[in-house]
Amino acid sequence: VSALCENMTSGSAYKQGDILVAMNGKTIEVDNTDAEGRITLADALCYCDKLNVDEVIDIATLTGAVIVSLGHNITGVLGNNQEQIDRFQKIAGQSCENTWQMPILDELKDNLKSELADMKNTGGRNAGTSTAGWFLSNFTKSNSWMHLDIAGTAYLDKSNKETLFGPTGVMIRSLINYLLA
């Protein structure tokens, strides 16, 4: 499933304060129009539920907060199945791609509290990556869901020991090796 969106303004674009209804019926107050990807991911996760797949792994440049937390050489991992996360992180390490698990805590739902909808699409600066993970977790019924936040690792300004500067293709090796394992 490819959940693609364009961050381009027009007269018909949604605006701050708009209320959107996700595929699963949950309502989302648009608090930040620059967080359009997570709204698109929400419907993609709902669609995966309809496909009745065994595992869901989504990958996106979800948050700038992951860069603050982990820099440009580590991909943030969030999810609801520890066994899946552990298996993926082991394979990612063997694939020379660094990952770090970020928590999804129920108390983060207060960051997304809305007076008008089930939740807002963003929750402020504090715990930004984990809050975004909590947001996404509301749109999947899968017991085996994992998100890879590649905001810091998708593009490098300078080369490191494994990757040249520019677009990195990060997590492709890990995903292929995970599927082959």
# chains A, B, ... in the order shown; residues from 1 in each chain; ligands from 1
call {"tool": "residues_around", "arguments": {"residues": "region 63-70 of chain A", "least_positions_apart": "5", "cutoff": "6 Å", "atoms": "only C-alpha atoms", "output": "list in words"}}
result
Gly128, Thr129 and Gly152 of chain A
call {"tool": "select_by_dssp", "arguments": {"residues": "region 5-176 of chain A", "states": "alpha helix (DSSP H)", "output": "PDB file with N, CA and C atoms, in the first residue's frame"}}
result
ATOM      1  N   GLU A  36       0.593  16.493   7.116  1.00  0.00           N
ATOM      2  CA  GLU A  36      -0.362  15.849   6.220  1.00  0.00           C
ATOM      3  C   GLU A  36      -0.066  14.364   6.043  1.00  0.00           C
ATOM      4  N   GLY A  37       1.192  13.981   6.157  1.00  0.00           N
ATOM      5  CA  GLY A  37       1.562  12.590   5.951  1.00  0.00           C
ATOM      6  C   GLY A  37       0.919  11.651   6.942  1.00  0.00           C
ATOM      7  N   ARG A  38       0.838  12.051   8.200  1.00  0.00           N
ATOM      8  CA  ARG A  38       0.258  11.157   9.206  1.00  0.00           C
ATOM      9  C   ARG A  38      -1.244  10.978   9.004  1.00  0.00           C
ATOM     10  N   ILE A  39      -1.902  11.972   8.424  1.00  0.00           N
ATOM     11  CA  ILE A  39      -3.327  11.825   8.104  1.00  0.00           C
ATOM     12  C   ILE A  39      -3.493  10.818   6.967  1.00  0.00           C
ATOM     13  N   THR A  40      -2.619  10.895   5.987  1.00  0.00           N
ATOM     14  CA  THR A  40      -2.634   9.930   4.879  1.00  0.00           C
ATOM     15  C   THR A  40      -2.298   8.532   5.387  1.00  0.00           C
ATOM     16  N   LEU A  41      -1.296   8.439   6.267  1.00  0.00           N
ATOM     17  CA  LEU A  41      -0.938   7.144   6.856  1.00  0.00           C
ATOM     18  C   LEU A  41      -2.092   6.550   7.660  1.00  0.00           C
ATOM     19  N   ALA A  42      -2.855   7.398   8.334  1.00  0.00           N
ATOM     20  CA  ALA A  42      -3.990   6.909   9.122  1.00  0.00           C
ATOM     21  C   ALA A  42      -4.939   6.110   8.240  1.00  0.00           C
ATOM     22  N   ASP A  43      -5.300   6.665   7.090  1.00  0.00           N
ATOM     23  CA  ASP A  43      -6.201   5.933   6.193  1.00  0.00           C
ATOM     24  C   ASP A  43      -5.528   4.703   5.584  1.00  0.00           C
ATOM     25  N   ALA A  44      -4.236   4.787   5.314  1.00  0.00           N
ATOM     26  CA  ALA A  44      -3.526   3.619   4.772  1.00  0.00           C
ATOM     27  C   ALA A  44      -3.532   2.476   5.782  1.00  0.00           C
ATOM     28  N   LEU A  45      -3.340   2.796   7.060  1.00  0.00           N
ATOM     29  CA  LEU A  45      -3.383   1.762   8.092  1.00  0.00           C
ATOM     30  C   LEU A  45      -4.779   1.151   8.197  1.00  0.00           C
ATOM     31  N   CYS A  46      -5.808   1.991   8.116  1.00  0.00           N
ATOM     32  CA  CYS A  46      -7.185   1.477   8.117  1.00  0.00           C
ATOM     33  C   CYS A  46      -7.414   0.558   6.917  1.00  0.00           C
ATOM     34  N   TYR A  47      -6.886   0.940   5.777  1.00  0.00           N
ATOM     35  CA  TYR A  47      -7.043   0.133   4.569  1.00  0.00           C
ATOM     36  C   TYR A  47      -6.343  -1.222   4.721  1.00  0.00           C
ATOM     37  N   CYS A  48      -5.188  -1.233   5.351  1.00  0.00           N
ATOM     38  CA  CYS A  48      -4.486  -2.501   5.599  1.00  0.00           C
ATOM     39  C   CYS A  48      -5.333  -3.435   6.455  1.00  0.00           C
ATOM     40  N   ASP A  49      -6.091  -2.871   7.403  1.00  0.00           N
ATOM     41  CA  ASP A  49      -6.997  -3.706   8.200  1.00  0.00           C
ATOM     42  C   ASP A  49      -8.011  -4.397   7.304  1.00  0.00           C
ATOM     43  N   LYS A  50      -8.513  -3.681   6.310  1.00  0.00           N
ATOM     44  CA  LYS A  50      -9.497  -4.273   5.383  1.00  0.00           C
ATOM     45  C   LYS A  50      -8.874  -5.400   4.557  1.00  0.00           C
ATOM     46  N   LEU A  51      -7.565  -5.316   4.316  1.00  0.00           N
ATOM     47  CA  LEU A  51      -6.870  -6.348   3.547  1.00  0.00           C
ATOM     48  C   LEU A  51      -6.565  -7.581   4.396  1.00  0.00           C
ATOM     49  N   ALA A  65      10.900  15.568  15.162  1.00  0.00           N
ATOM     50  CA  ALA A  65      11.322  15.268  16.532  1.00  0.00           C
ATOM     51  C   ALA A  65      12.266  14.073  16.585  1.00  0.00           C
ATOM     52  N   VAL A  66      12.135  13.134  15.647  1.00  0.00           N
ATOM     53  CA  VAL A  66      13.035  11.974  15.653  1.00  0.00           C
ATOM     54  C   VAL A  66      14.468  12.412  15.353  1.00  0.00           C
ATOM     55  N   ILE A  67      14.630  13.484  14.594  1.00  0.00           N
ATOM     56  CA  ILE A  67      15.972  14.014  14.311  1.00  0.00           C
ATOM     57  C   ILE A  67      16.573  14.591  15.591  1.00  0.00           C
ATOM     58  N   VAL A  68      15.766  15.307  16.363  1.00  0.00           N
ATOM     59  CA  VAL A  68      16.231  15.866  17.636  1.00  0.00           C
ATOM     60  C   VAL A  68      16.633  14.734  18.574  1.00  0.00           C
ATOM     61  N   SER A  69      15.856  13.667  18.591  1.00  0.00           N
ATOM     62  CA  SER A  69      16.121  12.536  19.493  1.00  0.00           C
ATOM     63  C   SER A  69      17.278  11.658  19.042  1.00  0.00           C
ATOM     64  N   LEU A  70      17.316  11.326  17.746  1.00  0.00           N
ATOM     65  CA  LEU A  70      18.224  10.280  17.284  1.00  0.00           C
ATOM     66  C   LEU A  70      19.233  10.722  16.233  1.00  0.00           C
ATOM     67  N   GLN A  82       6.170  -6.310  20.415  1.00  0.00           N
ATOM     68  CA  GLN A  82       7.588  -6.301  20.804  1.00  0.00           C
ATOM     69  C   GLN A  82       8.391  -7.376  20.085  1.00  0.00           C
ATOM     70  N   GLU A  83       7.794  -8.540  19.865  1.00  0.00           N
ATOM     71  CA  GLU A  83       8.501  -9.611  19.161  1.00  0.00           C
ATOM     72  C   GLU A  83       8.852  -9.179  17.728  1.00  0.00           C
ATOM     73  N   GLN A  84       7.906  -8.545  17.046  1.00  0.00           N
ATOM     74  CA  GLN A  84       8.148  -8.046  15.693  1.00  0.00           C
ATOM     75  C   GLN A  84       9.250  -6.977  15.699  1.00  0.00           C
ATOM     76  N   ILE A  85       9.183  -6.059  16.642  1.00  0.00           N
ATOM     77  CA  ILE A  85      10.171  -4.987  16.742  1.00  0.00           C
ATOM     78  C   ILE A  85      11.559  -5.561  17.011  1.00  0.00           C
ATOM     79  N   ASP A  86      11.658  -6.485  17.971  1.00  0.00           N
ATOM     80  CA  ASP A  86      12.956  -7.088  18.303  1.00  0.00           C
ATOM     81  C   ASP A  86      13.552  -7.802  17.092  1.00  0.00           C
ATOM     82  N   ARG A  87      12.709  -8.574  16.394  1.00  0.00           N
ATOM     83  CA  ARG A  87      13.179  -9.299  15.206  1.00  0.00           C
ATOM     84  C   ARG A  87      13.659  -8.326  14.135  1.00  0.00           C
ATOM     85  N   PHE A  88      12.876  -7.259  13.912  1.00  0.00           N
ATOM     86  CA  PHE A  88      13.261  -6.290  12.890  1.00  0.00           C
ATOM     87  C   PHE A  88      14.562  -5.577  13.273  1.00  0.00           C
ATOM     88  N   GLN A  89      14.682  -5.152  14.526  1.00  0.00           N
ATOM     89  CA  GLN A  89      15.876  -4.427  14.947  1.00  0.00           C
ATOM     90  C   GLN A  89      17.125  -5.293  14.845  1.00  0.00           C
ATOM     91  N   LYS A  90      17.014  -6.574  15.142  1.00  0.00           N
ATOM     92  CA  LYS A  90      18.156  -7.472  14.991  1.00  0.00           C
ATOM     93  C   LYS A  90      18.573  -7.551  13.526  1.00  0.00           C
ATOM     94  N   ILE A  91      17.603  -7.708  12.641  1.00  0.00           N
ATOM     95  CA  ILE A  91      17.894  -7.786  11.209  1.00  0.00           C
ATOM     96  C   ILE A  91      18.425  -6.455  10.691  1.00  0.00           C
ATOM     97  N   ALA A  92      17.885  -5.348  11.158  1.00  0.00           N
ATOM     98  CA  ALA A  92      18.375  -4.028  10.737  1.00  0.00           C
ATOM     99  C   ALA A  92      19.835  -3.856  11.141  1.00  0.00           C
ATOM    100  N   GLY A  93      20.200  -4.284  12.341  1.00  0.00           N
ATOM    101  CA  GLY A  93      21.594  -4.207  12.781  1.00  0.00           C
ATOM    102  C   GLY A  93      22.513  -5.037  11.899  1.00  0.00           C
ATOM    103  N   GLN A  94      22.064  -6.231  11.529  1.00  0.00           N
ATOM    104  CA  GLN A  94      22.845  -7.089  10.634  1.00  0.00           C
ATOM    105  C   GLN A  94      22.922  -6.499   9.223  1.00  0.00           C
ATOM    106  N   GLY A 128       7.407  14.316  20.630  1.00  0.00           N
ATOM    107  CA  GLY A 128       6.811  14.408  19.299  1.00  0.00           C
ATOM    108  C   GLY A 128       6.753  13.096  18.541  1.00  0.00           C
ATOM    109  N   THR A 129       7.822  12.324  18.549  1.00  0.00           N
ATOM    110  CA  THR A 129       7.825  11.057  17.814  1.00  0.00           C
ATOM    111  C   THR A 129       6.897  10.049  18.471  1.00  0.00           C
ATOM    112  N   SER A 130       6.963   9.930  19.769  1.00  0.00           N
ATOM    113  CA  SER A 130       6.100   8.989  20.480  1.00  0.00           C
ATOM    114  C   SER A 130       4.633   9.389  20.375  1.00  0.00           C
ATOM    115  N   THR A 131       4.348  10.683  20.419  1.00  0.00           N
ATOM    116  CA  THR A 131       2.974  11.158  20.266  1.00  0.00           C
ATOM    117  C   THR A 131       2.448  10.837  18.870  1.00  0.00           C
ATOM    118  N   ALA A 132       3.274  11.036  17.848  1.00  0.00           N
ATOM    119  CA  ALA A 132       2.871  10.697  16.480  1.00  0.00           C
ATOM    120  C   ALA A 132       2.627   9.198  16.358  1.00  0.00           C
ATOM    121  N   GLY A 133       3.428   8.391  17.039  1.00  0.00           N
ATOM    122  CA  GLY A 133       3.215   6.951  17.059  1.00  0.00           C
ATOM    123  C   GLY A 133       1.890   6.587  17.709  1.00  0.00           C
ATOM    124  N   TRP A 134       1.557   7.267  18.806  1.00  0.00           N
ATOM    125  CA  TRP A 134       0.272   7.029  19.460  1.00  0.00           C
ATOM    126  C   TRP A 134      -0.862   7.402  18.505  1.00  0.00           C
ATOM    127  N   PHE A 135      -0.724   8.528  17.796  1.00  0.00           N
ATOM    128  CA  PHE A 135      -1.729   8.941  16.806  1.00  0.00           C
ATOM    129  C   PHE A 135      -1.952   7.815  15.797  1.00  0.00           C
ATOM    130  N   LEU A 136      -0.870   7.321  15.186  1.00  0.00           N
ATOM    131  CA  LEU A 136      -0.991   6.276  14.172  1.00  0.00           C
ATOM    132  C   LEU A 136      -1.589   4.991  14.730  1.00  0.00           C
ATOM    133  N   SER A 137      -1.254   4.668  15.977  1.00  0.00           N
ATOM    134  CA  SER A 137      -1.743   3.413  16.563  1.00  0.00           C
ATOM    135  C   SER A 137      -3.268   3.370  16.645  1.00  0.00           C
ATOM    136  N   ILE A 172      15.627  -0.046   3.244  1.00  0.00           N
ATOM    137  CA  ILE A 172      15.337  -0.986   2.149  1.00  0.00           C
ATOM    138  C   ILE A 172      16.053  -2.307   2.397  1.00  0.00           C
ATOM    139  N   ARG A 173      17.348  -2.248   2.735  1.00  0.00           N
ATOM    140  CA  ARG A 173      18.095  -3.488   3.038  1.00  0.00           C
ATOM    141  C   ARG A 173      17.436  -4.246   4.181  1.00  0.00           C
ATOM    142  N   SER A 174      17.086  -3.507   5.228  1.00  0.00           N
ATOM    143  CA  SER A 174      16.491  -4.145   6.404  1.00  0.00           C
ATOM    144  C   SER A 174      15.138  -4.770   6.079  1.00  0.00           C
ATOM    145  N   LEU A 175      14.312  -4.056   5.330  1.00  0.00           N
ATOM    146  CA  LEU A 175      13.001  -4.594   4.970  1.00  0.00           C
ATOM    147  C   LEU A 175      13.116  -5.842   4.106  1.00  0.00           C
ATOM    148  N   ILE A 176      14.011  -5.814   3.137  1.00  0.00           N
ATOM    149  CA  ILE A 176      14.218  -6.996   2.284  1.00  0.00           C
ATOM    150  C   ILE A 176      14.709  -8.171   3.115  1.00  0.00           C
TER     151      ILE A 176
END
call {"tool": "residues_around", "arguments": {"residues": "Tyr155 (chain A)", "least_positions_apart": "2", "cutoff": "6 Å", "atoms": "only C-alpha atoms", "output": "VMD selection string"}}
result
chain A and resid 153 166 to 168
call {"tool": "residues_around", "arguments": {"residues": "region 23-28 of chain A", "least_positions_apart": "3", "cutoff": "6 Å", "atoms": "only C-alpha atoms", "output": "CSV table (one decimal) with C-alpha atoms, in the first residue's frame"}}
result
chain,number,residue,atom,x,y,z
A,19,ILE,CA,-12.2,18.3,11.1
A,20,LEU,CA,-11.5,15.3,8.9
A,43,ASP,CA,-6.2,5.9,6.2
A,117,ALA,CA,-12.7,15.8,17.4
A,118,ASP,CA,-11.5,12.4,18.6
A,119,MET,CA,-7.9,13.8,18.4
A,120,LYS,CA,-5.7,16.4,16.8
call {"tool": "closest_residue", "arguments": {"among": "A:Val53, A:Leu112, A:Ile74, A:Ala3", "to": "Lys141 (chain A)", "atoms": "only C-alpha atoms"}}
result
A:Val53
call {"tool": "select_by_dssp", "arguments": {"residues": "chain A", "states": "strand (DSSP E)", "output": "VMD selection string"}}
result
chain A and resid 19 to 21 27 to 29 56 to 60 75 to 79 99 to 101 119 to 120 145 to 149 155 to 156 166 to 167
call {"tool": "write_last_selection", "arguments": {"atoms": "N, CA and C atoms", "output": "mmCIF file, in the first residue's frame"}}
result
data_model
loop_
_atom_site.group_PDB
_atom_site.id
_atom_site.type_symbol
_atom_site.label_atom_id
_atom_site.label_comp_id
_atom_site.auth_asym_id
_atom_site.auth_seq_id
_atom_site.Cartn_x
_atom_site.Cartn_y
_atom_site.Cartn_z
ATOM 1 N N ILE A 19 -12.000 19.623 10.468
ATOM 2 C CA ILE A 19 -12.196 18.306 11.060
ATOM 3 C C ILE A 19 -12.315 17.306 9.910
ATOM 4 N N LEU A 20 -11.454 16.304 9.914
ATOM 5 C CA LEU A 20 -11.461 15.257 8.893
ATOM 6 C C LEU A 20 -11.948 13.956 9.514
ATOM 7 N N VAL A 21 -12.554 13.117 8.699
ATOM 8 C CA VAL A 21 -13.016 11.813 9.170
ATOM 9 C C VAL A 21 -12.168 10.743 8.497
ATOM 10 N N THR A 27 -12.480 10.992 14.096
ATOM 11 C CA THR A 27 -12.345 12.366 13.606
ATOM 12 C C THR A 27 -11.019 12.960 14.045
ATOM 13 N N ILE A 28 -10.444 13.768 13.146
ATOM 14 C CA ILE A 28 -9.129 14.368 13.361
ATOM 15 C C ILE A 28 -9.249 15.870 13.168
ATOM 16 N N GLU A 29 -8.874 16.629 14.190
ATOM 17 C CA GLU A 29 -8.798 18.087 14.053
ATOM 18 C C GLU A 29 -7.433 18.435 13.477
ATOM 19 N N VAL A 56 1.916 -5.322 9.527
ATOM 20 C CA VAL A 56 1.932 -4.006 8.903
ATOM 21 C C VAL A 56 3.220 -3.311 9.318
ATOM 22 N N ILE A 57 3.987 -2.892 8.337
ATOM 23 C CA ILE A 57 5.173 -2.076 8.582
ATOM 24 C C ILE A 57 5.023 -0.848 7.702
ATOM 25 N N ASP A 58 4.947 0.319 8.335
ATOM 26 C CA ASP A 58 4.905 1.536 7.537
ATOM 27 C C ASP A 58 6.196 2.303 7.739
ATOM 28 N N ILE A 59 6.566 3.045 6.726
ATOM 29 C CA ILE A 59 7.827 3.782 6.729
ATOM 30 C C ILE A 59 7.550 5.165 6.169
ATOM 31 N N ALA A 60 7.989 6.194 6.898
ATOM 32 C CA ALA A 60 7.713 7.562 6.465
ATOM 33 C C ALA A 60 8.626 8.538 7.202
ATOM 34 N N THR A 75 17.279 5.369 12.752
ATOM 35 C CA THR A 75 15.858 5.398 12.429
ATOM 36 C C THR A 75 15.048 5.041 13.669
ATOM 37 N N GLY A 76 14.008 5.811 13.939
ATOM 38 C CA GLY A 76 13.119 5.529 15.064
ATOM 39 C C GLY A 76 12.142 4.425 14.718
ATOM 40 N N VAL A 77 11.913 3.529 15.667
ATOM 41 C CA VAL A 77 10.991 2.408 15.486
ATOM 42 C C VAL A 77 9.914 2.496 16.561
ATOM 43 N N LEU A 78 8.662 2.399 16.142
ATOM 44 C CA LEU A 78 7.533 2.379 17.068
ATOM 45 C C LEU A 78 6.620 1.241 16.656
ATOM 46 N N GLY A 79 5.865 0.702 17.598
ATOM 47 C CA GLY A 79 4.944 -0.356 17.222
ATOM 48 C C GLY A 79 4.221 -0.949 18.401
ATOM 49 N N THR A 99 18.774 1.415 14.258
ATOM 50 C CA THR A 99 17.419 1.727 14.707
ATOM 51 C C THR A 99 17.403 1.896 16.215
ATOM 52 N N TRP A 100 16.369 2.564 16.696
ATOM 53 C CA TRP A 100 16.175 2.706 18.136
ATOM 54 C C TRP A 100 14.680 2.740 18.388
ATOM 55 N N GLN A 101 14.222 1.926 19.338
ATOM 56 C CA GLN A 101 12.797 1.889 19.647
ATOM 57 C C GLN A 101 12.399 3.091 20.487
ATOM 58 N N MET A 119 -9.299 13.438 18.116
ATOM 59 C CA MET A 119 -7.909 13.811 18.400
ATOM 60 C C MET A 119 -7.433 14.858 17.407
ATOM 61 N N LYS A 120 -6.339 15.543 17.765
ATOM 62 C CA LYS A 120 -5.653 16.448 16.844
ATOM 63 C C LYS A 120 -4.613 15.651 16.063
ATOM 64 N N TRP A 145 1.953 -4.331 14.195
ATOM 65 C CA TRP A 145 2.158 -3.090 13.449
ATOM 66 C C TRP A 145 3.447 -2.430 13.925
ATOM 67 N N MET A 146 4.196 -1.912 12.969
ATOM 68 C CA MET A 146 5.446 -1.218 13.283
ATOM 69 C C MET A 146 5.593 -0.031 12.341
ATOM 70 N N HIS A 147 6.054 1.090 12.891
ATOM 71 C CA HIS A 147 6.343 2.286 12.094
ATOM 72 C C HIS A 147 7.838 2.571 12.148
ATOM 73 N N LEU A 148 8.413 2.908 11.011
ATOM 74 C CA LEU A 148 9.813 3.314 10.915
ATOM 75 C C LEU A 148 9.843 4.796 10.548
ATOM 76 N N ASP A 149 10.322 5.634 11.469
ATOM 77 C CA ASP A 149 10.390 7.073 11.229
ATOM 78 C C ASP A 149 11.766 7.398 10.653
ATOM 79 N N TYR A 155 17.688 11.269 4.171
ATOM 80 C CA TYR A 155 18.560 12.142 3.373
ATOM 81 C C TYR A 155 19.723 12.576 4.254
ATOM 82 N N LEU A 156 20.935 12.464 3.743
ATOM 83 C CA LEU A 156 22.117 12.869 4.512
ATOM 84 C C LEU A 156 22.802 14.055 3.846
ATOM 85 N N GLY A 166 23.052 12.614 0.366
ATOM 86 C CA GLY A 166 21.881 12.663 -0.498
ATOM 87 C C GLY A 166 20.840 11.653 -0.056
ATOM 88 N N PRO A 167 19.910 11.293 -0.945
ATOM 89 C CA PRO A 167 18.883 10.295 -0.597
ATOM 90 C C PRO A 167 19.538 8.955 -0.259
#
call {"tool": "closest_residue", "arguments": {"among": "A:Asp54, A:Ser114, A:Glu107, A:Met171", "to": "Asn143 (chain A)", "atoms": "only C-alpha atoms"}}
result
A:Asp54
